[in-house]
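**Student:** Following this line is protein23.txt, made up of compact mmCIF, C-alpha atoms and all ligand atoms:
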# COMPACT_ATOMS: atom_id res chain seq x y z
CA MET B 1 -36.02 37.23 -79.46
CA ARG B 2 -33.30 37.87 -82.05
CA ILE B 3 -32.01 40.82 -80.03
CA LEU B 4 -32.04 38.85 -76.78
CA LYS B 5 -30.27 35.87 -78.24
CA TYR B 6 -27.72 37.88 -80.14
CA PRO B 7 -25.04 38.56 -77.54
CA PHE B 8 -25.08 34.94 -76.39
CA SER B 9 -24.82 33.30 -79.81
CA PHE B 10 -22.25 35.76 -81.03
CA LEU B 11 -20.12 35.55 -77.90
CA HIS B 12 -20.38 31.77 -77.77
CA HIS B 13 -19.12 31.36 -81.34
CA TYR B 14 -16.49 34.05 -80.97
CA ARG B 15 -15.03 32.57 -77.80
CA THR B 16 -15.16 29.02 -79.12
CA TRP B 17 -13.37 30.09 -82.31
CA MET B 18 -10.62 31.83 -80.34
CA ALA B 19 -10.16 28.91 -77.94
CA GLU B 20 -10.06 26.24 -80.64
CA GLU B 21 -7.81 27.91 -83.17
CA SER B 22 -4.64 27.50 -81.11
CA LEU B 23 -5.07 23.82 -80.17
CA ASP B 24 -2.02 21.60 -80.59
CA ALA B 25 -1.99 19.02 -83.39
CA ASP B 26 -3.31 16.09 -81.30
CA ARG B 27 -6.21 18.00 -79.80
CA MET B 28 -7.02 19.52 -83.16
CA ARG B 29 -7.30 16.10 -84.73
CA ARG B 30 -9.66 14.91 -81.99
CA LEU B 31 -11.74 18.06 -82.41
CA GLN B 32 -11.89 17.47 -86.16
CA GLU B 33 -12.99 13.87 -85.64
CA ARG B 34 -15.82 15.00 -83.36
CA LYS B 35 -16.96 17.71 -85.71
CA LEU B 36 -16.74 15.42 -88.74
CA ASP B 37 -18.86 12.82 -86.91
CA MET B 38 -21.54 15.47 -86.73
CA MET B 39 -21.15 16.52 -90.36
CA LEU B 40 -21.31 12.95 -91.66
CA LYS B 41 -24.43 12.29 -89.60
CA ALA B 42 -26.04 15.43 -91.03
CA ALA B 43 -24.87 14.56 -94.55
CA ARG B 44 -26.65 11.18 -94.39
CA GLU B 45 -29.86 13.15 -93.94
CA THR B 46 -29.46 15.09 -97.19
CA ARG B 47 -30.70 14.03 -100.58
CA HIS B 48 -27.31 14.66 -102.17
CA TYR B 49 -25.11 12.61 -99.80
CA ARG B 50 -27.64 10.04 -98.60
CA ARG B 51 -26.32 7.29 -100.84
CA LEU B 52 -22.73 8.52 -100.94
CA VAL B 53 -21.80 8.43 -97.25
CA PRO B 54 -21.19 4.85 -96.05
CA GLY B 55 -23.32 3.99 -93.01
CA ASN B 56 -20.34 2.98 -90.83
CA LEU B 57 -18.11 5.94 -91.70
CA ASP B 58 -17.13 8.16 -88.77
CA GLY B 59 -14.87 11.20 -88.44
CA GLU B 60 -11.80 9.13 -87.65
CA GLY B 61 -12.33 6.88 -90.68
CA PHE B 62 -12.95 9.84 -92.95
CA LEU B 63 -9.79 11.63 -91.78
CA SER B 64 -7.64 8.55 -92.38
CA ASP B 65 -8.97 8.07 -95.93
CA THR B 66 -10.93 11.00 -97.37
CA THR B 67 -11.25 9.33 -100.77
CA CYS B 68 -14.07 7.16 -99.40
CA LEU B 69 -16.25 10.13 -100.40
CA PRO B 70 -16.39 11.59 -103.91
CA ILE B 71 -15.51 15.22 -104.59
CA THR B 72 -18.42 17.67 -104.51
CA GLU B 73 -18.23 19.85 -107.63
CA LYS B 74 -19.43 23.46 -107.62
CA LYS B 75 -22.13 22.78 -110.16
CA TYR B 76 -23.93 20.27 -107.91
CA LEU B 77 -24.28 22.94 -105.27
CA ARG B 78 -25.21 25.68 -107.72
CA ASP B 79 -27.84 23.65 -109.57
CA ALA B 80 -29.58 22.02 -106.61
CA PRO B 81 -28.60 23.62 -103.28
CA GLU B 82 -31.76 22.30 -101.61
CA THR B 83 -30.49 18.72 -102.00
CA PHE B 84 -27.69 19.59 -99.55
CA VAL B 85 -30.08 20.70 -96.81
CA SER B 86 -30.14 18.20 -93.96
CA GLY B 87 -32.96 16.69 -91.94
CA GLY B 88 -35.82 17.44 -94.32
CA ARG B 89 -35.82 21.14 -93.37
CA ASP B 90 -38.10 23.30 -95.46
CA VAL B 91 -35.82 25.79 -97.27
CA ARG B 92 -38.54 28.43 -97.01
CA THR B 93 -37.96 28.50 -93.26
CA LEU B 94 -34.20 29.08 -93.64
CA GLY B 95 -32.14 32.14 -94.37
CA PHE B 96 -29.42 32.06 -96.99
CA ALA B 97 -26.16 33.61 -98.10
CA GLN B 98 -25.50 33.94 -101.77
CA THR B 99 -22.19 33.72 -103.61
CA SER B 100 -21.23 36.60 -105.84
CA GLY B 101 -21.56 34.30 -108.84
CA SER B 102 -18.28 34.81 -110.70
CA THR B 103 -19.49 32.20 -113.17
CA GLY B 104 -22.65 34.23 -113.75
CA LEU B 105 -24.87 32.01 -111.62
CA PRO B 106 -24.98 32.59 -107.88
CA THR B 107 -25.00 29.69 -105.43
CA ARG B 108 -27.32 29.76 -102.46
CA ILE B 109 -26.07 28.60 -99.06
CA TYR B 110 -28.91 27.92 -96.63
CA LEU B 111 -28.42 28.68 -92.96
CA ASP B 112 -30.34 29.03 -89.73
CA ALA B 113 -29.93 31.82 -87.16
CA ASP B 114 -27.17 30.01 -85.29
CA VAL B 115 -25.03 29.45 -88.41
CA ALA B 116 -25.59 33.10 -89.37
CA TRP B 117 -24.24 34.21 -85.96
CA TYR B 118 -21.33 31.82 -86.36
CA ARG B 119 -20.38 33.38 -89.70
CA GLN B 120 -20.71 36.85 -88.23
CA ALA B 121 -18.53 35.96 -85.23
CA VAL B 122 -15.89 34.42 -87.49
CA ARG B 123 -15.68 37.59 -89.55
CA TYR B 124 -14.91 39.59 -86.42
CA ALA B 125 -12.56 36.96 -85.01
CA THR B 126 -10.50 36.98 -88.22
CA ASP B 127 -10.32 40.79 -88.21
CA VAL B 128 -9.13 40.66 -84.61
CA SER B 129 -6.34 38.29 -85.66
CA PHE B 130 -5.24 40.96 -88.14
CA GLY B 131 -5.02 43.56 -85.38
CA ARG B 132 -8.52 44.98 -85.10
CA SER B 133 -9.68 46.10 -81.66
CA PRO B 134 -13.28 46.67 -80.60
CA PHE B 135 -14.49 50.11 -81.71
CA ASP B 136 -11.93 50.23 -84.54
CA LEU B 137 -13.50 51.39 -87.77
CA LEU B 138 -13.11 48.93 -90.64
CA ALA B 139 -13.49 49.97 -94.28
CA ARG B 140 -14.53 47.29 -96.75
CA VAL B 141 -14.38 47.81 -100.50
CA HIS B 142 -16.60 45.18 -102.03
CA ALA B 143 -19.29 44.55 -104.61
CA HIS B 144 -21.95 43.81 -101.99
CA ASP B 145 -22.61 45.07 -98.49
CA TYR B 146 -23.15 41.54 -97.21
CA ASP B 147 -22.19 42.16 -93.61
CA ARG B 148 -25.35 43.81 -92.37
CA GLY B 149 -25.35 43.18 -88.66
CA SER B 150 -27.36 44.73 -85.90
CA LEU B 151 -27.00 48.37 -84.95
CA MET B 152 -24.85 47.45 -81.98
CA GLU B 153 -22.41 45.52 -84.13
CA THR B 154 -22.02 47.83 -87.08
CA LYS B 155 -22.21 51.20 -85.31
CA VAL B 156 -20.80 50.64 -81.86
CA LEU B 157 -18.73 47.55 -81.19
CA PHE B 158 -17.31 46.81 -84.64
CA PRO B 159 -18.11 49.84 -86.76
CA LYS B 160 -17.54 49.64 -90.48
CA VAL B 161 -17.85 51.70 -93.59
CA PHE B 162 -18.84 50.04 -96.84
CA LEU B 163 -17.34 51.40 -100.07
CA PRO B 164 -18.98 50.00 -103.23
CA ILE B 165 -16.42 48.75 -105.71
CA SER B 166 -18.50 50.31 -108.47
CA ASN B 167 -17.71 53.81 -107.11
CA PRO B 168 -14.95 55.71 -108.90
CA PRO B 169 -11.72 54.93 -106.95
CA GLU B 170 -11.21 58.66 -106.32
CA GLU B 171 -14.54 58.81 -104.50
CA ASN B 172 -13.66 55.83 -102.28
CA PHE B 173 -10.27 57.41 -101.59
CA ARG B 174 -11.93 60.67 -100.49
CA MET B 175 -14.25 58.68 -98.22
CA LEU B 176 -11.27 56.93 -96.62
CA ILE B 177 -9.56 60.26 -95.98
CA LYS B 178 -12.75 61.56 -94.38
CA ARG B 179 -13.54 58.55 -92.20
CA LYS B 180 -9.96 57.50 -91.32
CA PRO B 181 -10.61 53.78 -90.69
CA ALA B 182 -8.12 51.66 -88.73
CA MET B 183 -8.25 48.81 -91.23
CA LEU B 184 -9.01 48.27 -94.89
CA ARG B 185 -10.30 45.11 -96.55
CA GLY B 186 -10.73 44.47 -100.26
CA TYR B 187 -9.58 42.82 -103.48
CA PRO B 188 -5.88 43.45 -104.23
CA SER B 189 -6.74 45.03 -107.60
CA THR B 190 -8.81 47.66 -105.79
CA LEU B 191 -6.34 48.09 -102.93
CA SER B 192 -3.62 48.72 -105.52
CA ILE B 193 -5.51 51.62 -107.08
CA LEU B 194 -6.15 53.15 -103.65
CA ALA B 195 -2.44 52.74 -102.83
CA ARG B 196 -1.50 54.60 -106.04
CA LEU B 197 -3.90 57.43 -105.16
CA ASN B 198 -2.45 57.52 -101.66
CA ASP B 199 1.10 57.71 -103.06
CA ALA B 200 0.11 60.55 -105.38
CA ALA B 201 -1.40 62.47 -102.44
CA GLY B 202 1.76 62.12 -100.30
CA ARG B 203 0.53 59.10 -98.32
CA PRO B 204 -1.98 60.72 -95.97
CA LEU B 205 -3.65 57.33 -95.28
CA ARG B 206 -2.12 54.88 -92.80
CA PHE B 207 -3.76 51.74 -91.43
CA LYS B 208 -3.13 49.19 -88.69
CA SER B 209 -3.35 46.54 -91.38
CA VAL B 210 -4.76 45.87 -94.83
CA VAL B 211 -6.52 42.59 -95.59
CA SER B 212 -6.55 41.19 -99.09
CA VAL B 213 -9.33 38.84 -100.15
CA ALA B 214 -10.67 36.90 -103.13
CA GLU B 215 -8.00 37.58 -105.75
CA LEU B 216 -4.41 36.42 -105.95
CA LEU B 217 -2.03 38.75 -104.10
CA SER B 218 1.44 38.79 -105.68
CA ASP B 219 4.48 39.59 -103.52
CA ASP B 220 5.06 42.80 -105.45
CA THR B 221 1.48 43.99 -105.09
CA ARG B 222 1.65 43.23 -101.38
CA LYS B 223 4.78 45.35 -101.04
CA ALA B 224 3.31 48.25 -103.04
CA ILE B 225 0.17 48.30 -100.87
CA GLY B 226 2.07 47.87 -97.59
CA ASP B 227 4.59 50.62 -98.42
CA SER B 228 1.84 53.03 -99.36
CA PHE B 229 -0.28 52.52 -96.23
CA SER B 230 2.71 51.93 -93.87
CA CYS B 231 1.27 48.67 -92.52
CA PRO B 232 1.36 44.90 -92.92
CA VAL B 233 -0.83 43.33 -95.62
CA TYR B 234 -2.48 39.98 -94.83
CA THR B 235 -4.33 37.45 -96.93
CA ASP B 236 -7.65 36.11 -95.70
CA TYR B 237 -8.71 33.07 -97.70
CA GLY B 238 -12.34 32.08 -97.54
CA SER B 239 -15.49 31.79 -99.59
CA MET B 240 -19.18 32.35 -99.21
CA GLU B 241 -19.78 28.59 -99.17
CA MET B 242 -17.06 27.76 -96.67
CA SER B 243 -16.70 30.91 -94.53
CA SER B 244 -13.08 31.28 -93.36
CA ILE B 245 -10.66 28.66 -94.73
CA ALA B 246 -7.16 29.98 -94.02
CA ARG B 247 -5.52 33.15 -92.72
CA GLU B 248 -2.03 34.54 -92.64
CA CYS B 249 -0.18 34.70 -89.33
CA GLY B 250 2.39 37.34 -88.34
CA GLU B 251 4.97 35.45 -90.40
CA HIS B 252 2.68 35.68 -93.46
CA SER B 253 2.15 31.92 -93.66
CA LEU B 254 -1.35 31.02 -94.75
CA HIS B 255 -2.56 28.68 -91.99
CA VAL B 256 -5.62 26.51 -92.49
CA ASP B 257 -8.41 27.16 -89.98
CA SER B 258 -8.33 23.49 -89.05
CA HIS B 259 -10.91 23.92 -86.31
CA ALA B 260 -13.45 25.16 -88.87
CA CYS B 261 -12.70 23.18 -91.99
CA MET B 262 -10.64 20.34 -93.33
CA VAL B 263 -8.53 21.17 -96.37
CA GLU B 264 -7.06 18.76 -98.90
CA ILE B 265 -4.97 19.30 -102.00
CA VAL B 266 -5.87 16.71 -104.58
CA GLY B 267 -4.63 15.62 -107.99
CA ARG B 268 -6.75 14.93 -111.05
CA ASP B 269 -7.76 11.53 -109.69
CA GLY B 270 -9.25 13.16 -106.56
CA LYS B 271 -6.54 11.64 -104.35
CA PRO B 272 -4.59 13.86 -101.94
CA VAL B 273 -1.15 14.97 -103.14
CA ARG B 274 1.65 15.50 -100.60
CA GLY B 275 4.17 17.43 -102.67
CA GLY B 276 3.32 19.55 -105.67
CA GLU B 277 0.36 21.51 -106.79
CA GLY B 278 -3.27 20.44 -106.88
CA ASP B 279 -6.89 21.48 -106.50
CA VAL B 280 -7.98 22.86 -103.14
CA VAL B 281 -10.80 20.74 -101.69
CA VAL B 282 -12.57 21.84 -98.50
CA THR B 283 -14.91 20.15 -96.01
CA GLN B 284 -16.67 22.61 -93.73
CA MET B 285 -17.27 21.62 -90.12
CA PHE B 286 -19.58 24.28 -88.78
CA SER B 287 -22.99 23.92 -90.43
CA SER B 288 -25.02 20.76 -90.08
CA VAL B 289 -27.91 22.63 -91.71
CA MET B 290 -26.18 22.33 -95.07
CA PRO B 291 -23.17 19.99 -94.83
CA ILE B 292 -20.72 20.33 -97.72
CA LEU B 293 -18.03 17.65 -97.89
CA ARG B 294 -14.94 17.60 -100.12
CA PHE B 295 -15.90 20.70 -102.05
CA ARG B 296 -13.66 21.57 -105.03
CA ILE B 297 -13.44 25.30 -104.59
CA GLY B 298 -11.72 26.21 -107.86
CA ASP B 299 -8.26 27.28 -106.60
CA ARG B 300 -4.86 25.65 -107.02
CA ALA B 301 -2.23 25.50 -104.27
CA ARG B 302 0.35 23.26 -102.60
CA TRP B 303 1.35 22.47 -99.02
CA GLY B 304 3.94 24.73 -97.42
CA ARG B 305 6.49 24.10 -94.73
CA GLU B 306 5.76 24.20 -91.02
CA CYS B 307 5.64 27.78 -89.76
CA ALA B 308 7.88 29.24 -87.07
CA CYS B 309 5.04 31.21 -85.47
CA GLY B 310 3.94 28.36 -83.20
CA ARG B 311 0.55 27.57 -84.75
CA GLN B 312 0.55 23.90 -85.62
CA THR B 313 -2.03 24.01 -88.39
CA PRO B 314 -1.00 23.21 -91.99
CA VAL B 315 0.22 26.00 -94.26
CA LEU B 316 -1.00 26.57 -97.80
CA GLU B 317 1.29 28.19 -100.32
CA GLY B 318 2.12 28.57 -103.96
CA PHE B 319 -1.34 29.82 -104.77
CA MET B 320 -1.51 29.71 -108.53
CA GLY B 321 -4.77 31.62 -108.63
CA ARG B 322 -8.02 30.48 -110.12
CA LYS B 323 -7.87 27.35 -112.22
CA ASP B 324 -9.00 29.43 -115.17
CA ASP B 325 -6.21 32.06 -114.92
CA TYR B 326 -3.81 30.75 -117.54
CA ILE B 327 -2.21 31.48 -120.92
CA VAL B 328 -2.14 28.77 -123.58
CA LEU B 329 1.04 28.88 -125.66
CA PRO B 330 0.70 28.17 -129.41
CA SER B 331 2.12 24.65 -128.86
CA GLY B 332 -0.71 23.90 -126.40
CA ARG B 333 1.50 24.20 -123.32
CA VAL B 334 -0.26 25.98 -120.46
CA ARG B 335 1.32 28.70 -118.29
CA SER B 336 -0.20 29.75 -114.98
CA GLY B 337 -1.40 33.34 -115.00
CA LYS B 338 0.78 34.10 -111.98
CA ASN B 339 3.91 34.02 -114.18
CA PHE B 340 2.63 37.06 -116.06
CA TYR B 341 2.00 39.33 -113.08
CA LEU B 342 4.08 42.50 -113.16
CA GLU B 343 6.93 43.02 -110.73
CA LEU B 344 7.13 46.01 -108.42
CA SER B 345 9.21 48.32 -110.62
CA LEU B 346 6.73 47.94 -113.51
CA LEU B 347 3.67 47.87 -111.27
CA SER B 348 4.28 51.43 -110.12
CA HIS B 349 3.43 52.77 -113.59
CA PHE B 350 -0.20 51.63 -113.44
CA PHE B 351 -3.41 52.21 -111.58
CA GLU B 352 -4.53 48.87 -112.98
CA TYR B 353 -3.74 46.45 -115.78
CA GLN B 354 -5.01 43.28 -117.35
CA ILE B 355 -3.43 40.68 -119.60
CA VAL B 356 -5.86 38.94 -121.96
CA GLN B 357 -4.95 36.33 -124.52
CA GLU B 358 -7.41 37.15 -127.30
CA GLU B 359 -6.25 34.38 -129.65
CA PRO B 360 -3.49 31.73 -129.73
CA GLY B 361 -0.67 34.07 -130.81
CA ARG B 362 -1.91 37.41 -129.45
CA ILE B 363 -1.97 38.95 -126.00
CA VAL B 364 -3.51 42.34 -125.25
CA PHE B 365 -2.17 44.38 -122.35
CA ARG B 366 -4.97 46.70 -121.14
CA HIS B 367 -3.87 49.40 -118.78
CA VAL B 368 -4.63 52.62 -116.95
CA PRO B 369 -1.24 54.36 -116.71
CA VAL B 370 -0.23 56.70 -113.91
CA GLY B 371 0.52 60.06 -115.52
CA GLY B 372 -1.77 59.73 -118.51
CA ARG B 373 0.59 58.01 -120.94
CA LEU B 374 2.86 55.00 -120.81
CA PRO B 375 6.55 55.83 -121.49
CA ASP B 376 8.03 53.90 -124.44
CA ALA B 377 10.75 52.38 -122.25
CA VAL B 378 8.15 50.88 -119.87
CA ARG B 379 6.15 49.60 -122.81
CA ALA B 380 9.26 47.82 -124.13
CA LYS B 381 9.97 46.26 -120.72
CA ILE B 382 6.44 44.92 -120.42
CA LYS B 383 6.57 43.42 -123.86
CA GLU B 384 9.88 41.80 -122.97
CA HIS B 385 8.43 40.46 -119.68
CA ILE B 386 5.37 38.90 -121.37
CA ILE B 387 7.41 37.35 -124.17
CA SER B 388 9.96 35.96 -121.70
CA GLN B 389 7.13 34.06 -120.00
CA CYS B 390 6.12 32.42 -123.30
CA LEU B 391 9.13 30.07 -123.22
CA GLY B 392 10.45 30.98 -126.65
CA GLU B 393 7.11 30.55 -128.42
CA ARG B 394 5.82 33.26 -130.70
CA MET B 395 3.43 35.78 -129.15
CA ASP B 396 2.35 39.25 -130.34
CA VAL B 397 1.77 41.80 -127.60
CA GLU B 398 -0.60 44.71 -128.17
CA PHE B 399 -1.16 47.65 -125.83
CA GLU B 400 -4.56 49.17 -125.18
CA GLN B 401 -4.94 52.18 -122.91
CA VAL B 402 -8.36 52.31 -121.22
CA ALA B 403 -10.16 54.55 -118.72
CA ARG B 404 -10.89 51.54 -116.44
CA VAL B 405 -10.20 47.86 -116.81
CA PRO B 406 -13.54 46.07 -117.20
CA ARG B 407 -14.70 43.87 -114.32
CA GLY B 408 -17.24 41.11 -114.11
CA ARG B 409 -20.47 41.29 -112.15
CA THR B 410 -18.66 40.51 -108.93
CA GLY B 411 -16.30 43.47 -109.22
CA LYS B 412 -13.27 41.18 -109.21
CA LEU B 413 -10.54 41.88 -111.70
CA ARG B 414 -9.06 38.93 -113.53
CA VAL B 415 -5.51 40.09 -114.06
CA VAL B 416 -4.68 37.28 -116.46
CA SER B 417 -7.17 35.41 -118.61
CA SER B 418 -7.37 33.63 -121.93
CA LYS B 419 -10.04 33.27 -124.59
CA VAL B 420 -8.20 30.26 -125.98
CA PRO B 421 -9.94 27.05 -124.93
CA LEU B 422 -7.97 24.63 -122.85
CA HIS B 423 -7.66 21.38 -124.82
CA ASP B 424 -4.80 19.46 -123.42
CA ALA B 425 -3.59 21.15 -120.28
CA VAL B 426 -0.14 19.99 -119.24
ZN ZN Z 501 2.53 30.93 -88.80
Could you write out this structure as structure tokens?
Ligand SMILES: [Zn+2]

**Tutor:**
Amino acid sequence: MRILKYPFSFLHHYRTWMAEESLDADRMRRLQERKLDMMLKAARETRHYRRLVPGNLDGEGFLSDTTCLPITEKKYLRDAPETFVSGGRDVRTLGFAQTSGSTGLPTRIYLDADVAWYRQAVRYATDVSFGRSPFDLLARVHAHDYDRGSLMETKVLFPKVFLPISNPPEENFRMLIKRKPAMLRGYPSTLSILARLNDAAGRPLRFKSVVSVAELLSDDTRKAIGDSFSCPVYTDYGSMEMSSIARECGEHSLHVDSHACMVEIVGRDGKPVRGGEGDVVVTQMFSSVMPILRFRIGDRARWGRECACGRQTPVLEGFMGRKDDYIVLPSGRVRSGKNFYLELSLLSHFFEYQIVQEEPGRIVFRHVPVGGRLPDAVRAKIKEHIISQCLGERMDVEFEQVARVPRGRTGKLRVVSSKVPLHDAV
């Protein structure tokens, strides 16, 4: 049955996705209203939202004032995912996807076969938007091989090679040389190491495109990766809970997938902010099995200007990374981690690096240098760069050369982090 249904479900979702993504602003709003009607109806049949969603609220009303619903925090979903399941479905009869659990505890997202096909189709549709053609081999460097499709998908139509992030980078590089994929997907910290290895080998690897996911991609890292692999580098912004949220177009603007989710940027009071930075809050519009409304995803961003590419969907920009990527200055002032990222000329000296504030007045710069040892002049420049970002406040900078920068369970590298608790964030 699964095999028979497969081509139809997959093709249906794929074609719908492609047709809806380029709707003009008016049609998109009407589509959102219709889809939100469905989500609100499903939400009323969950234990979590039953009392929170007003009985007379429809998609149009929700879109005109989203604050009529409270924000859904990550912990609600993590601690009791079954309370988000709609219509009294027995969770034992459902499949699930699981987040990688960067906080140490994974979150379970329940789905039925149709939602599973939807997510699968969206993965392919997004790759196609980054230049993938059928039969093109895709390489994915990731902690988990989550995309286990049928034989037809993974071997014939959309073949892929999975490279575990836990492998030594040299081994993954050798595999890429051997398999010669058309596209590469992964975390920027991993892509950077592969780009360095490619540079050292005389750039034998070239791709149609490279897709960066999950971690913040700085402009300089993007350039280093793109130069090495002679191709454009795109950001794909999504999450296990929400599937695809936003993707870069040819102009490298990060457009919201407005036909699949509704994105807000909210201030501390949970109200949308027009200008300036805020928390990214997402309402998904594809799964009535487990509706998730106004979900605070844990990233910070702001709204960007309209894009020249022709797509009329809103643009996200100014990604400041995870909310917990920051440095606390001795005075208590907080600096976003993004300010501390290395620029291109310094970046080229490292396979990888990490900046950790161990205590209020001390930052440790962990690094794996290209060439075995960091030249004194580079060391001085890095110290100068870090101190310049501390706005005149006192900060000691220590250097620690390591064989590999440690990663969490998810394989993601936190480039900037602090062990100083955040008391009064400014
Ligand atoms: Zn655009």

**Student:** May I ask which of the residues B:Asn339, B:Gln312, B:Thr107, B:Gln357 is the closest one to ligand ZN 501 (chain Z), counting all atoms listed in the file?

**Tutor:**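 Among B:Asn339, B:Gln312, B:Thr107, B:Gln357, it is B:Gln312 that comes nearest to ligand ZN 501 (chain Z).
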
**Student:** Determine the nearest neighbour of ligand ZN 501 (chain Z) from the options B:Glu277, B:Glu398, B:Asp299, B:Glu248, counting only C-alpha atoms and all ligand atoms.

**Tutor:** B:Glu248

**Student:** Please extract the residues at most 8 Å from ligand ZN 501 (chain Z), counting all atoms listed in the file, and provide them as number ranges by chain, using the chain letters and residue numbers of this document.

**Tutor:** B: 248-255, 306-312, 315

**Student:** Tell me which protein, DNA and RNA residues are within 8 Å of segment 109-121 of chain B, counting only C-alpha atoms, leaving out same-chain ones fewer than 2 positions away, and put them as a list of chain:residue names.

**Tutor:**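 The residues satisfying every condition are B:Tyr6, B:Ser9, B:Phe10, B:Leu11, B:His13, B:Tyr14, B:Pro81, B:Val85, B:Val91, B:Leu94, B:Gly95, B:Phe96, B:Ala97, B:Gln98, B:Thr99, B:Thr107, B:Arg123, B:Tyr124, B:Ala125, B:Asp147, B:Gly149, B:Met240, B:Glu241, B:Ser243, B:Phe286, B:Ser287, B:Val289, B:Met290.
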
**Student:** Measuring atom to atom with all atoms listed in the file, identify which of B:Arg196, B:Arg174, B:Arg274, B:Arg47 is nearest to Trp303 of chain B.

**Tutor:**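 Comparing B:Arg196, B:Arg174, B:Arg274, B:Arg47 against Trp303 of chain B, the winner is B:Arg274.
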
**Student:** Considering all atoms listed in the file, return as a list of chain:residue names whatever protein or nucleic-acid residues lie within 10 Å of Met28 of chain B, sequence-local ones (same chain, fewer than 4 positions apart) excluded.

**Tutor:**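 What passes the distance filter is B:Glu20, B:Glu21, B:Ser22, B:Leu23, B:Asp24, B:Gln32, B:Glu33, B:Arg34, B:Ser258, B:His259, B:Gln312, B:Thr313.
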
**Student:** Kindly give the distance, in Å, that separates atom CA of Ser189 of chain B and atom CA of Asp220 of chain B, rounded to a single decimal.

**Tutor:**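 So the answer is 12.2 Å.
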
**Student:** So what do you get for atom CA of Ser418 of chain B versus atom CA of Ile327 of chain B, distance-wise?

**Tutor:** 5.7 Å

**Student:** Report the distance between atom CA of Leu63 of chain B and atom CA of Leu31 of chain B in Å, rounded to one decimal place.

**Tutor:** 11.5 Å

**Student:** If we count all atoms listed in the file, what is near Arg185 of chain B at a cut-off of 10 Å, once residues fewer than 2 positions away on the same chain are taken out, given as JSON, numbers by chain?

**Tutor:** {"B": [127, 138, 139, 140, 141, 142, 162, 183, 187, 188, 190, 191, 209, 210, 211, 212, 213, 233, 234, 235, 236]}

**Student:** Next, dump the selected residues to file, keeping only C-alpha atoms, as a CSV table (one decimal), keeping the file's coordinate frame.

**Tutor:**
chain,number,residue,atom,x,y,z
B,127,ASP,CA,-10.3,40.8,-88.2
B,138,LEU,CA,-13.1,48.9,-90.6
B,139,ALA,CA,-13.5,50.0,-94.3
B,140,ARG,CA,-14.5,47.3,-96.8
B,141,VAL,CA,-14.4,47.8,-100.5
B,142,HIS,CA,-16.6,45.2,-102.0
B,162,PHE,CA,-18.8,50.0,-96.8
B,183,MET,CA,-8.2,48.8,-91.2
B,187,TYR,CA,-9.6,42.8,-103.5
B,188,PRO,CA,-5.9,43.4,-104.2
B,190,THR,CA,-8.8,47.7,-105.8
B,191,LEU,CA,-6.3,48.1,-102.9
B,209,SER,CA,-3.4,46.5,-91.4
B,210,VAL,CA,-4.8,45.9,-94.8
B,211,VAL,CA,-6.5,42.6,-95.6
B,212,SER,CA,-6.6,41.2,-99.1
B,213,VAL,CA,-9.3,38.8,-100.2
B,233,VAL,CA,-0.8,43.3,-95.6
B,234,TYR,CA,-2.5,40.0,-94.8
B,235,THR,CA,-4.3,37.4,-96.9
B,236,ASP,CA,-7.6,36.1,-95.7

**Student:** Can I get N, CA and C atoms for segment 307-316 of chain B, as a PDB file, in the first residue's frame?

**Tutor:**
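Listing of decode-v7.pdb after writing:
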ATOM      1  N   CYS B 307      12.585  42.178  -1.911  1.00  0.00           N
ATOM      2  CA  CYS B 307      13.667  41.678  -2.757  1.00  0.00           C
ATOM      3  C   CYS B 307      13.373  41.970  -4.231  1.00  0.00           C
ATOM      4  N   ALA B 308      14.452  42.132  -4.986  1.00  0.00           N
ATOM      5  CA  ALA B 308      14.299  42.468  -6.408  1.00  0.00           C
ATOM      6  C   ALA B 308      14.022  41.236  -7.273  1.00  0.00           C
ATOM      7  N   CYS B 309      14.026  40.059  -6.669  1.00  0.00           N
ATOM      8  CA  CYS B 309      13.939  38.838  -7.488  1.00  0.00           C
ATOM      9  C   CYS B 309      12.532  38.569  -8.025  1.00  0.00           C
ATOM     10  N   GLY B 310      11.528  39.233  -7.461  1.00  0.00           N
ATOM     11  CA  GLY B 310      10.170  39.024  -7.953  1.00  0.00           C
ATOM     12  C   GLY B 310       9.289  38.265  -6.974  1.00  0.00           C
ATOM     13  N   ARG B 311       9.873  37.458  -6.106  1.00  0.00           N
ATOM     14  CA  ARG B 311       9.053  36.758  -5.103  1.00  0.00           C
ATOM     15  C   ARG B 311       8.527  37.793  -4.117  1.00  0.00           C
ATOM     16  N   GLN B 312       7.241  37.687  -3.802  1.00  0.00           N
ATOM     17  CA  GLN B 312       6.633  38.733  -2.980  1.00  0.00           C
ATOM     18  C   GLN B 312       6.567  38.368  -1.497  1.00  0.00           C
ATOM     19  N   THR B 313       7.194  37.296  -1.131  1.00  0.00           N
ATOM     20  CA  THR B 313       7.136  36.873   0.271  1.00  0.00           C
ATOM     21  C   THR B 313       8.140  37.665   1.112  1.00  0.00           C
ATOM     22  N   PRO B 314       7.842  37.830   2.410  1.00  0.00           N
ATOM     23  CA  PRO B 314       8.713  38.648   3.269  1.00  0.00           C
ATOM     24  C   PRO B 314      10.137  38.078   3.360  1.00  0.00           C
ATOM     25  N   VAL B 315      11.072  38.977   3.643  1.00  0.00           N
ATOM     26  CA  VAL B 315      12.486  38.592   3.714  1.00  0.00           C
ATOM     27  C   VAL B 315      12.985  38.742   5.154  1.00  0.00           C
ATOM     28  N   LEU B 316      13.636  37.705   5.638  1.00  0.00           N
ATOM     29  CA  LEU B 316      14.247  37.752   6.968  1.00  0.00           C
ATOM     30  C   LEU B 316      15.705  38.146   6.806  1.00  0.00           C
TER      31      LEU B 316
END
